[in-house]
>>> print(open('target_14.txt').read())   # compact mmCIF, C-alpha atoms and all ligand atoms
# COMPACT_ATOMS: atom_id res chain seq x y z
CA MET A 1 -30.05 -57.82 43.35
CA THR A 2 -27.94 -55.75 45.72
CA GLY A 3 -28.00 -56.63 49.42
CA ARG A 4 -29.13 -54.47 52.33
CA PHE A 5 -26.74 -52.44 54.45
CA VAL A 6 -27.78 -52.00 58.10
CA THR A 7 -25.74 -50.06 60.65
CA PHE A 8 -25.93 -50.07 64.46
CA GLU A 9 -25.15 -46.93 66.41
CA GLY A 10 -25.24 -45.54 69.92
CA ILE A 11 -23.01 -44.52 72.80
CA ASP A 12 -20.79 -47.24 74.27
CA GLY A 13 -22.81 -49.65 76.37
CA ALA A 14 -26.12 -48.84 74.65
CA GLY A 15 -26.43 -52.49 73.59
CA LYS A 16 -25.79 -52.33 69.83
CA SER A 17 -23.20 -55.14 69.78
CA SER A 18 -25.63 -57.49 71.55
CA HIS A 19 -28.30 -56.74 68.97
CA VAL A 20 -26.13 -56.84 65.86
CA GLU A 21 -25.39 -60.46 66.79
CA ALA A 22 -29.03 -61.19 67.59
CA LEU A 23 -30.14 -59.80 64.22
CA ALA A 24 -27.47 -61.84 62.41
CA ARG A 25 -28.83 -65.01 64.07
CA TRP A 26 -32.42 -64.01 63.22
CA LEU A 27 -31.52 -63.49 59.53
CA ARG A 28 -29.42 -66.66 59.23
CA GLU A 29 -32.26 -68.72 60.71
CA ARG A 30 -34.32 -67.43 57.78
CA GLY A 31 -31.72 -68.55 55.27
CA HIS A 32 -30.02 -65.23 54.49
CA THR A 33 -26.29 -64.77 54.02
CA VAL A 34 -25.11 -62.21 56.55
CA VAL A 35 -21.81 -60.37 56.72
CA LEU A 36 -21.24 -59.20 60.28
CA THR A 37 -18.64 -56.48 60.55
CA ARG A 38 -17.64 -53.40 62.56
CA GLU A 39 -15.94 -50.00 62.48
CA PRO A 40 -13.27 -49.05 62.91
CA GLY A 41 -12.28 -52.42 61.49
CA GLY A 42 -13.65 -55.11 59.23
CA THR A 43 -10.52 -55.70 57.07
CA PRO A 44 -6.93 -56.54 58.09
CA LEU A 45 -5.80 -52.97 57.36
CA ALA A 46 -8.76 -51.38 59.15
CA GLU A 47 -8.35 -53.66 62.18
CA ARG A 48 -4.75 -52.40 62.49
CA VAL A 49 -6.06 -48.83 62.36
CA ARG A 50 -8.59 -49.76 65.08
CA GLU A 51 -5.80 -50.75 67.46
CA LEU A 52 -4.08 -47.37 66.98
CA PHE A 53 -7.36 -45.52 67.21
CA LEU A 54 -8.48 -47.14 70.47
CA HIS A 55 -5.18 -46.93 72.34
CA ASP A 56 -2.92 -44.10 71.05
CA GLU A 57 -3.42 -40.45 72.01
CA MET A 58 -4.27 -38.18 69.03
CA ASP A 59 -6.23 -35.05 68.15
CA ALA A 60 -9.72 -34.91 66.60
CA LEU A 61 -8.46 -34.37 63.03
CA THR A 62 -6.21 -37.43 63.27
CA GLU A 63 -9.13 -39.44 64.67
CA ALA A 64 -11.38 -38.36 61.80
CA LEU A 65 -8.79 -39.06 59.10
CA LEU A 66 -7.97 -42.47 60.55
CA VAL A 67 -11.58 -43.65 60.76
CA PHE A 68 -12.32 -42.44 57.22
CA ALA A 69 -9.15 -44.12 55.88
CA ALA A 70 -10.17 -47.39 57.56
CA ARG A 71 -13.72 -46.93 56.22
CA ARG A 72 -12.45 -46.51 52.66
CA ASP A 73 -10.64 -49.84 52.83
CA HIS A 74 -13.61 -51.50 54.53
CA LEU A 75 -15.99 -50.27 51.81
CA ARG A 76 -13.76 -51.32 48.91
CA GLN A 77 -12.60 -54.67 50.26
CA ARG A 78 -15.63 -55.93 52.12
CA ILE A 79 -18.86 -53.90 52.19
CA GLU A 80 -19.31 -53.15 48.47
CA PRO A 81 -18.34 -56.67 47.25
CA SER A 82 -20.71 -58.25 49.81
CA LEU A 83 -23.63 -56.01 48.83
CA ALA A 84 -22.93 -56.68 45.14
CA GLN A 85 -23.34 -60.42 45.85
CA GLY A 86 -26.73 -59.75 47.43
CA HIS A 87 -25.58 -60.38 51.01
CA THR A 88 -26.93 -58.50 53.99
CA VAL A 89 -24.21 -56.42 55.67
CA LEU A 90 -24.66 -55.66 59.37
CA CYS A 91 -22.10 -53.14 60.60
CA ASP A 92 -21.48 -52.28 64.26
CA ARG A 93 -20.95 -48.50 63.86
CA PHE A 94 -20.36 -46.56 60.64
CA THR A 95 -20.11 -42.90 59.59
CA ASP A 96 -22.76 -41.63 62.02
CA ALA A 97 -20.30 -42.55 64.79
CA THR A 98 -17.75 -40.16 63.26
CA PHE A 99 -20.27 -37.31 63.32
CA ALA A 100 -21.34 -38.19 66.88
CA TYR A 101 -17.85 -38.77 68.41
CA GLN A 102 -15.48 -36.58 66.38
CA GLY A 103 -18.12 -34.01 65.35
CA ALA A 104 -20.34 -33.55 68.42
CA GLY A 105 -18.07 -35.14 71.03
CA ARG A 106 -14.74 -33.54 70.04
CA GLY A 107 -16.19 -30.45 68.34
CA PHE A 108 -14.69 -31.21 64.90
CA ASP A 109 -16.19 -29.30 61.96
CA TRP A 110 -19.46 -30.93 60.79
CA THR A 111 -19.12 -29.57 57.25
CA VAL A 112 -15.62 -31.01 56.81
CA LEU A 113 -16.96 -34.38 58.00
CA GLN A 114 -19.72 -34.14 55.36
CA GLN A 115 -17.05 -33.49 52.71
CA LEU A 116 -15.01 -36.49 53.88
CA GLU A 117 -18.16 -38.61 53.89
CA ARG A 118 -18.84 -37.77 50.22
CA LEU A 119 -15.19 -38.26 49.23
CA VAL A 120 -14.88 -41.67 50.90
CA GLN A 121 -18.36 -43.09 50.32
CA GLY A 122 -19.62 -41.48 47.10
CA THR A 123 -23.34 -42.17 47.17
CA ARG A 124 -23.13 -45.20 49.49
CA THR A 125 -25.14 -44.79 52.71
CA PRO A 126 -26.80 -47.40 54.93
CA ASP A 127 -30.31 -48.56 54.00
CA LEU A 128 -31.23 -48.60 57.66
CA THR A 129 -29.55 -47.25 60.79
CA LEU A 130 -30.68 -48.50 64.19
CA TRP A 131 -29.73 -45.93 66.83
CA PHE A 132 -29.71 -47.44 70.33
CA ASP A 133 -30.48 -44.49 72.54
CA VAL A 134 -29.90 -44.61 76.28
CA GLU A 135 -28.90 -42.14 79.03
CA PRO A 136 -25.08 -41.88 79.32
CA ILE A 137 -25.26 -42.80 83.02
CA GLU A 138 -27.05 -46.09 82.30
CA ALA A 139 -24.64 -46.94 79.47
CA ALA A 140 -21.68 -46.27 81.80
CA THR A 141 -23.09 -48.68 84.40
CA ARG A 142 -23.44 -51.42 81.78
CA ARG A 143 -19.92 -50.79 80.45
CA ALA A 144 -18.36 -50.84 83.90
CA ALA A 145 -19.93 -54.24 84.56
CA ALA A 146 -18.74 -55.61 81.19
CA ARG A 147 -15.04 -54.65 80.82
CA ALA A 148 -12.08 -52.27 81.31
CA PRO A 149 -12.48 -48.94 79.44
CA ASP A 150 -10.57 -48.06 76.24
CA ARG A 151 -9.27 -44.54 75.41
CA LEU A 152 -12.64 -43.05 74.43
CA GLU A 153 -14.59 -44.82 77.14
CA ARG A 154 -12.54 -42.94 79.74
CA GLU A 155 -14.19 -39.66 78.62
CA ASP A 156 -16.60 -38.02 81.10
CA GLU A 157 -20.40 -37.96 81.11
CA ALA A 158 -20.51 -34.52 79.41
CA PHE A 159 -18.64 -36.00 76.42
CA PHE A 160 -21.16 -38.84 76.07
CA LYS A 161 -24.05 -36.36 76.36
CA ARG A 162 -22.59 -34.44 73.41
CA VAL A 163 -22.14 -37.70 71.49
CA ARG A 164 -25.78 -38.57 72.15
CA ASP A 165 -26.80 -35.10 70.90
CA GLY A 166 -24.70 -35.77 67.78
CA TYR A 167 -26.68 -38.93 67.08
CA ALA A 168 -29.92 -37.00 67.58
CA ARG A 169 -28.72 -34.42 65.05
CA ARG A 170 -27.84 -37.11 62.46
CA CYS A 171 -31.22 -38.75 63.09
CA ALA A 172 -32.97 -35.44 62.36
CA GLU A 173 -30.83 -34.89 59.23
CA HIS A 174 -31.51 -38.41 57.85
CA PRO A 175 -35.02 -39.37 58.96
CA ALA A 176 -35.62 -41.83 56.10
CA ARG A 177 -32.94 -44.30 57.16
CA PHE A 178 -32.64 -43.60 60.91
CA VAL A 179 -34.71 -45.39 63.54
CA ARG A 180 -34.38 -44.53 67.22
CA ILE A 181 -34.52 -47.62 69.42
CA ASP A 182 -35.34 -46.94 73.08
CA ALA A 183 -32.46 -48.94 74.62
CA ARG A 184 -33.38 -48.41 78.29
CA GLY A 185 -35.35 -51.60 78.85
CA SER A 186 -34.32 -55.24 79.16
CA LEU A 187 -32.49 -56.98 76.32
CA GLN A 188 -35.78 -58.67 75.34
CA THR A 189 -37.71 -55.37 75.30
CA VAL A 190 -35.05 -53.75 73.13
CA TRP A 191 -34.88 -56.78 70.80
CA SER A 192 -38.68 -56.60 70.27
CA GLN A 193 -38.26 -53.10 68.84
CA VAL A 194 -35.44 -54.25 66.55
CA GLU A 195 -37.48 -57.22 65.31
CA HIS A 196 -40.47 -54.95 64.68
CA GLU A 197 -38.38 -52.48 62.66
CA VAL A 198 -36.75 -55.11 60.45
CA THR A 199 -39.95 -57.07 59.94
CA ARG A 200 -42.06 -54.10 58.91
CA ARG A 201 -39.64 -53.21 56.11
CA GLY A 202 -40.36 -56.52 54.39
CA TRP A 203 -36.83 -56.78 52.98
CA TRP A 204 -36.14 -60.31 54.26
N1 LIG B 1 -15.55 -44.51 67.16
C1 LIG B 1 -15.34 -43.18 66.85
O1 LIG B 1 -14.96 -42.40 67.71
N2 LIG B 1 -15.54 -42.76 65.56
C2 LIG B 1 -15.93 -43.59 64.58
O2 LIG B 1 -16.10 -43.16 63.44
C3 LIG B 1 -16.17 -44.97 64.93
C4 LIG B 1 -15.96 -45.38 66.22
C5 LIG B 1 -16.62 -45.91 63.86
C6 LIG B 1 -15.07 -48.42 69.40
O3 LIG B 1 -16.39 -48.75 69.24
C7 LIG B 1 -14.91 -46.96 69.67
O4 LIG B 1 -14.69 -46.25 68.47
C8 LIG B 1 -16.12 -46.33 70.29
C9 LIG B 1 -16.52 -45.20 69.36
C10 LIG B 1 -15.32 -44.97 68.54
N3 LIG B 1 -15.70 -45.77 71.45
N4 LIG B 1 -15.74 -45.55 72.49
N5 LIG B 1 -15.68 -45.23 73.54
P1 LIG B 1 -16.97 -50.20 69.56
O5 LIG B 1 -18.28 -50.23 68.88
O6 LIG B 1 -16.03 -51.25 69.23
O7 LIG B 1 -17.04 -50.23 71.13
P2 LIG B 1 -18.22 -49.92 72.00
O8 LIG B 1 -19.10 -48.86 71.56
O9 LIG B 1 -17.54 -49.68 73.25
O10 LIG B 1 -19.14 -51.19 71.87
P3 LIG B 1 -19.65 -52.06 73.00
O11 LIG B 1 -18.86 -52.10 74.21
O12 LIG B 1 -19.78 -53.35 72.33
O13 LIG B 1 -20.97 -51.38 73.46
P4 LIG B 1 -22.43 -51.67 72.94
O14 LIG B 1 -22.35 -52.35 71.65
O15 LIG B 1 -23.22 -50.43 72.94
O16 LIG B 1 -23.07 -52.57 74.03
P5 LIG B 1 -23.07 -54.17 74.22
O17 LIG B 1 -21.70 -54.73 74.05
O18 LIG B 1 -24.14 -54.78 73.45
O19 LIG B 1 -23.46 -54.21 75.74
C11 LIG B 1 -22.58 -53.74 76.74
C12 LIG B 1 -22.95 -54.50 78.04
O20 LIG B 1 -24.28 -54.14 78.42
C13 LIG B 1 -22.94 -56.03 77.88
O21 LIG B 1 -22.50 -56.59 79.08
C14 LIG B 1 -24.42 -56.35 77.64
O22 LIG B 1 -24.76 -57.64 78.07
C15 LIG B 1 -25.10 -55.29 78.47
N6 LIG B 1 -26.41 -54.90 77.92
C16 LIG B 1 -26.69 -54.63 76.62
N7 LIG B 1 -27.99 -54.31 76.48
C17 LIG B 1 -28.53 -54.38 77.72
C18 LIG B 1 -29.83 -54.15 78.22
N8 LIG B 1 -30.84 -53.79 77.41
N9 LIG B 1 -30.02 -54.28 79.54
C19 LIG B 1 -29.01 -54.63 80.35
N10 LIG B 1 -27.75 -54.89 79.96
C20 LIG B 1 -27.52 -54.74 78.65
>>> encode(input="target_14.txt", output="structure tokens")
Amino acid sequence: MTGRFVTFEGIDGAGKSSHVEALARWLRERGHTVVLTREPGGTPLAERVRELFLHDEMDALTEALLVFAARRDHLRQRIEPSLAQGHTVLCDRFTDATFAYQGAGRGFDWTVLQQLERLVQGTRTPDLTLWFDVEPIEAATRRAAARAPDRLEREDEAFFKRVRDGYARRCAEHPARFVRIDARGSLQTVWSQVEHEVTRRGWW
């Protein structure tokens, strides 16, 4: 039986990385094999692309092509083989991030992104996407307390508002797999919502 593919999305500082690890622990405690991965990244080639992506200046088309090239390798080398073995794959960001950041944030053509999505992924989409939604100002406060900003994190609040709108648009376009998590509360409050969503599906 094929495994489940769960993706974690949201603006930087929304708390998705904290919860992808918490869900991995929760699943492993129940005896499931979990592959924890991220985008851009997840394979040696894609991790090299990540370094370029996060630190070198480039335009929106280059950004989009780089993340889809990394995604292609990630799917072929890691995600598809893991799902075929029945493992659960938890991925910190996936294609919805490209629509939110390059599409809504940078203003890159949504239709071209849809074409790239089909070309790179075929019919593969996540089974479940947890969207951690929080005000950009709150996310910025959390980020500032946690670490120095990378290239995209230096963008202004208006950019992150557009990114958030991009996630809302993807959520409306894909209601069957998208779940909005209210990420404003404490870590425990947010985790309760995640636990509720994964439990009620009855997959594990
Ligand atoms: N990107 C893109 O443009 N296009 C694409 O297609 C893809 C990505 C795939 C790298 O992402 C960048 O790539 C990202 C989008 C772009 N860019 N930017 N900017 P990343 O996922 O590697 O980096 P990140 O988004 O910056 O992740 P992050 O820093 O790990 O943020 P997070 O996952 O949302 O939050 P966190 O690490 O769980 O928490 C941040 C801090 O807040 C930490 O100290 C926590 O302890 C704290 N926190 C978390 N939740 C709470 C709550 N509920 N209360 C209080 N404090 C909290």
>>> closest_atom_pairs(input="target_14.txt", of="chain A", to="ligand LIG 1 (chain B)", cutoff="7 Å", atoms="only C-alpha atoms and all ligand atoms", output="tab-separated table")
residue	atom	partner	partner_atom	distance
A:Gly10	CA	B:LIG1	O15	6.1
A:Ile11	CA	B:LIG1	O15	5.9
A:Asp12	CA	B:LIG1	O8	3.6
A:Gly13	CA	B:LIG1	O15	3.5
A:Ala14	CA	B:LIG1	O15	3.7
A:Gly15	CA	B:LIG1	O18	3.2
A:Lys16	CA	B:LIG1	O14	3.9
A:Ser17	CA	B:LIG1	O14	3.5
A:Ser18	CA	B:LIG1	O18	3.6
A:His19	CA	B:LIG1	O18	6.4
A:Glu39	CA	B:LIG1	C5	4.4
A:Pro40	CA	B:LIG1	C5	4.7
A:Leu54	CA	B:LIG1	C7	6.5
A:Ala64	CA	B:LIG1	O2	6.9
A:Val67	CA	B:LIG1	O2	5.3
A:Asp92	CA	B:LIG1	O5	6.0
A:Arg93	CA	B:LIG1	C5	5.0
A:Phe94	CA	B:LIG1	C5	5.0
A:Thr95	CA	B:LIG1	O2	5.6
A:Asp96	CA	B:LIG1	O2	7.0
A:Ala97	CA	B:LIG1	O2	4.5
A:Thr98	CA	B:LIG1	O2	3.4
A:Tyr101	CA	B:LIG1	O1	4.7
A:Gln102	CA	B:LIG1	O1	6.0
A:Arg142	CA	B:LIG1	O20	4.4
A:Arg143	CA	B:LIG1	C12	5.4
A:Ala145	CA	B:LIG1	O21	6.5
A:Ala146	CA	B:LIG1	O21	4.4
A:Asp150	CA	B:LIG1	N5	6.4
A:Arg151	CA	B:LIG1	N5	6.7
A:Leu152	CA	B:LIG1	N5	3.8
A:Glu153	CA	B:LIG1	N5	3.8
A:Ala183	CA	B:LIG1	N8	5.8
A:Arg184	CA	B:LIG1	N8	6.0
A:Gly185	CA	B:LIG1	N8	5.2
A:Ser186	CA	B:LIG1	N8	4.2
A:Leu187	CA	B:LIG1	N8	3.8
A:Val190	CA	B:LIG1	N8	6.0
>>> residues_around(input="target_14.txt", residues="range 107-122 of chain A", least_positions_apart="6", cutoff="8 Å", atoms="all atoms listed in the file", output="JSON, numbers by chain")
{"A": [60, 61, 64, 68, 69, 71, 72, 75, 95, 98, 99]}
>>> closest_residue(input="target_14.txt", among="A:Gln188, A:Thr88, A:Thr141, A:Thr43", to="Asp127 in chain A", atoms="all atoms listed in the file")
A:Thr88
>>> closest_residue(input="target_14.txt", among="A:Ala158, A:Ile137, A:Ile181, A:Leu83", to="Arg124 in chain A", atoms="only C-alpha atoms")
A:Leu83
>>> atom_distance(input="target_14.txt", atom1="CA of Thr199 in chain A", atom2="CA of Trp131 in chain A")
16.6 Å
>>> residues_near_point(input="target_14.txt", point="(-32.4, -52.0, 58.5)", cutoff="12 Å", atoms="only C-alpha atoms", output="compact mmCIF listing (two decimals) with C-alpha atoms, in the frame of the given file")
# COMPACT_ATOMS: atom_id res chain seq x y z
CA GLY A 3 -28.00 -56.63 49.42
CA ARG A 4 -29.13 -54.47 52.33
CA PHE A 5 -26.74 -52.44 54.45
CA VAL A 6 -27.78 -52.00 58.10
CA THR A 7 -25.74 -50.06 60.65
CA PHE A 8 -25.93 -50.07 64.46
CA GLU A 9 -25.15 -46.93 66.41
CA VAL A 20 -26.13 -56.84 65.86
CA LEU A 23 -30.14 -59.80 64.22
CA ALA A 24 -27.47 -61.84 62.41
CA LEU A 27 -31.52 -63.49 59.53
CA THR A 88 -26.93 -58.50 53.99
CA VAL A 89 -24.21 -56.42 55.67
CA LEU A 90 -24.66 -55.66 59.37
CA CYS A 91 -22.10 -53.14 60.60
CA THR A 125 -25.14 -44.79 52.71
CA PRO A 126 -26.80 -47.40 54.93
CA ASP A 127 -30.31 -48.56 54.00
CA LEU A 128 -31.23 -48.60 57.66
CA THR A 129 -29.55 -47.25 60.79
CA LEU A 130 -30.68 -48.50 64.19
CA TRP A 131 -29.73 -45.93 66.83
CA ALA A 176 -35.62 -41.83 56.10
CA ARG A 177 -32.94 -44.30 57.16
CA PHE A 178 -32.64 -43.60 60.91
CA VAL A 179 -34.71 -45.39 63.54
CA ARG A 180 -34.38 -44.53 67.22
CA ILE A 181 -34.52 -47.62 69.42
CA GLN A 193 -38.26 -53.10 68.84
CA VAL A 194 -35.44 -54.25 66.55
CA GLU A 195 -37.48 -57.22 65.31
CA HIS A 196 -40.47 -54.95 64.68
CA GLU A 197 -38.38 -52.48 62.66
CA VAL A 198 -36.75 -55.11 60.45
CA THR A 199 -39.95 -57.07 59.94
CA ARG A 200 -42.06 -54.10 58.91
CA ARG A 201 -39.64 -53.21 56.11
CA GLY A 202 -40.36 -56.52 54.39
CA TRP A 203 -36.83 -56.78 52.98
CA TRP A 204 -36.14 -60.31 54.26
>>> atom_distance(input="target_14.txt", atom1="CA of Glu173 in chain A", atom2="CA of Trp191 in chain A")
25.1 Å
>>> atom_distance(input="target_14.txt", atom1="CA of Gly166 in chain A", atom2="CA of Glu63 in chain A")
16.3 Å
>>> closest_residue(input="target_14.txt", among="A:Gly86, A:Pro81, A:Pro44, A:Pro136", to="Lys161 in chain A", atoms="all atoms listed in the file")
A:Pro136
>>> closest_residue(input="target_14.txt", among="A:His74, A:Arg164, A:Arg38, A:Arg28", to="Val134 in chain A", atoms="only C-alpha atoms")
A:Arg164
>>> decode(input="target_14.txt", residues="range 160-171 of chain A", atoms="N, CA, C and O atoms", output="PDB file, in the first residue's frame")
ATOM      1  N   PHE A 160       5.051  39.614   2.367  1.00  0.00           N
ATOM      2  CA  PHE A 160       4.516  38.467   3.111  1.00  0.00           C
ATOM      3  C   PHE A 160       2.983  38.471   3.159  1.00  0.00           C
ATOM      4  O   PHE A 160       2.367  37.405   3.246  1.00  0.00           O
ATOM      5  N   LYS A 161       2.389  39.667   3.047  1.00  0.00           N
ATOM      6  CA  LYS A 161       0.916  39.712   2.937  1.00  0.00           C
ATOM      7  C   LYS A 161       0.482  39.093   1.616  1.00  0.00           C
ATOM      8  O   LYS A 161      -0.504  38.351   1.554  1.00  0.00           O
ATOM      9  N   ARG A 162       1.215  39.383   0.543  1.00  0.00           N
ATOM     10  CA  ARG A 162       0.867  38.785  -0.757  1.00  0.00           C
ATOM     11  C   ARG A 162       1.070  37.265  -0.714  1.00  0.00           C
ATOM     12  O   ARG A 162       0.277  36.502  -1.264  1.00  0.00           O
ATOM     13  N   VAL A 163       2.161  36.841  -0.066  1.00  0.00           N
ATOM     14  CA  VAL A 163       2.416  35.397   0.048  1.00  0.00           C
ATOM     15  C   VAL A 163       1.264  34.724   0.798  1.00  0.00           C
ATOM     16  O   VAL A 163       0.757  33.662   0.381  1.00  0.00           O
ATOM     17  N   ARG A 164       0.836  35.367   1.876  1.00  0.00           N
ATOM     18  CA  ARG A 164      -0.286  34.803   2.646  1.00  0.00           C
ATOM     19  C   ARG A 164      -1.544  34.715   1.775  1.00  0.00           C
ATOM     20  O   ARG A 164      -2.261  33.705   1.804  1.00  0.00           O
ATOM     21  N   ASP A 165      -1.790  35.764   0.977  1.00  0.00           N
ATOM     22  CA  ASP A 165      -2.946  35.732   0.055  1.00  0.00           C
ATOM     23  C   ASP A 165      -2.789  34.593  -0.961  1.00  0.00           C
ATOM     24  O   ASP A 165      -3.776  33.975  -1.375  1.00  0.00           O
ATOM     25  N   GLY A 166      -1.551  34.341  -1.378  1.00  0.00           N
ATOM     26  CA  GLY A 166      -1.299  33.237  -2.316  1.00  0.00           C
ATOM     27  C   GLY A 166      -1.664  31.894  -1.707  1.00  0.00           C
ATOM     28  O   GLY A 166      -2.265  31.038  -2.370  1.00  0.00           O
ATOM     29  N   TYR A 167      -1.327  31.710  -0.442  1.00  0.00           N
ATOM     30  CA  TYR A 167      -1.729  30.461   0.237  1.00  0.00           C
ATOM     31  C   TYR A 167      -3.254  30.368   0.324  1.00  0.00           C
ATOM     32  O   TYR A 167      -3.829  29.280   0.128  1.00  0.00           O
ATOM     33  N   ALA A 168      -3.893  31.495   0.622  1.00  0.00           N
ATOM     34  CA  ALA A 168      -5.363  31.479   0.717  1.00  0.00           C
ATOM     35  C   ALA A 168      -5.972  31.090  -0.635  1.00  0.00           C
ATOM     36  O   ALA A 168      -6.954  30.328  -0.703  1.00  0.00           O
ATOM     37  N   ARG A 169      -5.370  31.581  -1.715  1.00  0.00           N
ATOM     38  CA  ARG A 169      -5.873  31.240  -3.047  1.00  0.00           C
ATOM     39  C   ARG A 169      -5.699  29.748  -3.330  1.00  0.00           C
ATOM     40  O   ARG A 169      -6.606  29.089  -3.848  1.00  0.00           O
ATOM     41  N   ARG A 170      -4.530  29.198  -3.011  1.00  0.00           N
ATOM     42  CA  ARG A 170      -4.306  27.750  -3.219  1.00  0.00           C
ATOM     43  C   ARG A 170      -5.273  26.930  -2.359  1.00  0.00           C
ATOM     44  O   ARG A 170      -5.785  25.895  -2.785  1.00  0.00           O
ATOM     45  N   CYS A 171      -5.510  27.398  -1.145  1.00  0.00           N
ATOM     46  CA  CYS A 171      -6.435  26.706  -0.242  1.00  0.00           C
ATOM     47  C   CYS A 171      -7.831  26.664  -0.875  1.00  0.00           C
ATOM     48  O   CYS A 171      -8.497  25.617  -0.863  1.00  0.00           O
TER      49      CYS A 171
END
